[in-house]
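Contents: one structure, followed by commentary.
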Amino acid sequence: MDIENIGKRIRLSRRTKDITLKDLSNLTGISINYLSAIEQGKANPTLKKIDIILFHLQMSWEELLSPDTLSIPNNDVVKLSNPQVR
């Protein structure tokens with residue numbers, strides 16, 4: 001999976017959970033600009049930074065890297081429409 005798709009999944013998870021970039025920045029200590037660049041696939045974050053983001057989004061590595069699903073807060077599963085994420 002490339003960084004662009006990782007960023008898309010992070011953005012989808014954040015938005016689904018109604019967390020703003022500012023909120024995520026405050027939680028993670030990562031700047032809003034850098035978080036935005038990650039979500040746009042324009043930054044190449046370290047595994048540690050991704051792990052921090054995932055922790056605060058209550059998202060697992062498995063969810064991040066899963067080919068076509070993403071959990072949302074009420075334990076439903078969203079089927080991603082783009083099977084090319086694989």
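For the structure tokens, the naming scheme is as follows: chains receive sequential letters (A, B, ...) according to their order of presentation, residues are indexed from 1 within each chain, and ligands are indexed from 1 in presentation order.
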
With a distance cut-off of 10 Å and only C-alpha atoms, select the neighbouring residues of A:Trp61, excluding the residue or stretch itself and same-chain residues fewer than 6 positions from it, and output the selection as a VMD selection string. chain A and resid 50 to 51 54 to 55

Identify, on the basis of only C-alpha atoms, every residue whose closest approach to A:Leu57 does not exceed 9 Å; exclude the query and any residue fewer than 5 positions from it along the same chain; express the result as number ranges by chain. A: 10, 13-14, 17, 19, 24, 52

Could you name the residues that touch A:Gly7 at 7 Å or less, counting only C-alpha atoms, but leaving out those on the same chain fewer than 4 positions away, as a ChimeraX atom specification? /A:3,11,38-41

Go ahead and save the picked residues with N, CA and C atoms, as a PDB file, in the first residue's frame.
```
ATOM      1  N   ILE A   3       1.729   5.474   0.262  1.00  0.00           N
ATOM      2  CA  ILE A   3       1.482   6.515   1.260  1.00  0.00           C
ATOM      3  C   ILE A   3       0.214   7.305   0.945  1.00  0.00           C
ATOM      4  N   ARG A  11      -7.480   9.949   6.770  1.00  0.00           N
ATOM      5  CA  ARG A  11      -8.463  11.032   6.631  1.00  0.00           C
ATOM      6  C   ARG A  11      -9.883  10.498   6.811  1.00  0.00           C
ATOM      7  N   ILE A  38       0.243  14.371   5.225  1.00  0.00           N
ATOM      8  CA  ILE A  38       0.141  12.901   5.330  1.00  0.00           C
ATOM      9  C   ILE A  38      -1.154  12.447   4.655  1.00  0.00           C
ATOM     10  N   GLU A  39      -2.262  13.107   4.998  1.00  0.00           N
ATOM     11  CA  GLU A  39      -3.554  12.721   4.448  1.00  0.00           C
ATOM     12  C   GLU A  39      -3.612  12.892   2.936  1.00  0.00           C
ATOM     13  N   GLN A  40      -2.868  13.834   2.406  1.00  0.00           N
ATOM     14  CA  GLN A  40      -2.837  14.067   0.961  1.00  0.00           C
ATOM     15  C   GLN A  40      -1.808  13.193   0.243  1.00  0.00           C
ATOM     16  N   GLY A  41      -1.052  12.418   1.004  1.00  0.00           N
ATOM     17  CA  GLY A  41      -0.030  11.574   0.404  1.00  0.00           C
ATOM     18  C   GLY A  41       1.201  12.336  -0.029  1.00  0.00           C
TER      19      GLY A  41
END
```

Distance of atom CA of A:Glu62 from atom CA of A:Asp2, expressed in Å to one decimal place: 14.8 Å

For A:Ser36, the closest of A:Leu21, A:Ile53, A:Met59, A:Leu65 counting only C-alpha atoms is A:Leu21

Would you mind reading off the distance between atom CA of A:Thr46 and atom CA of A:Asp18, one decimal, in Å?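 Interatomic distance here is 24.6 Å.
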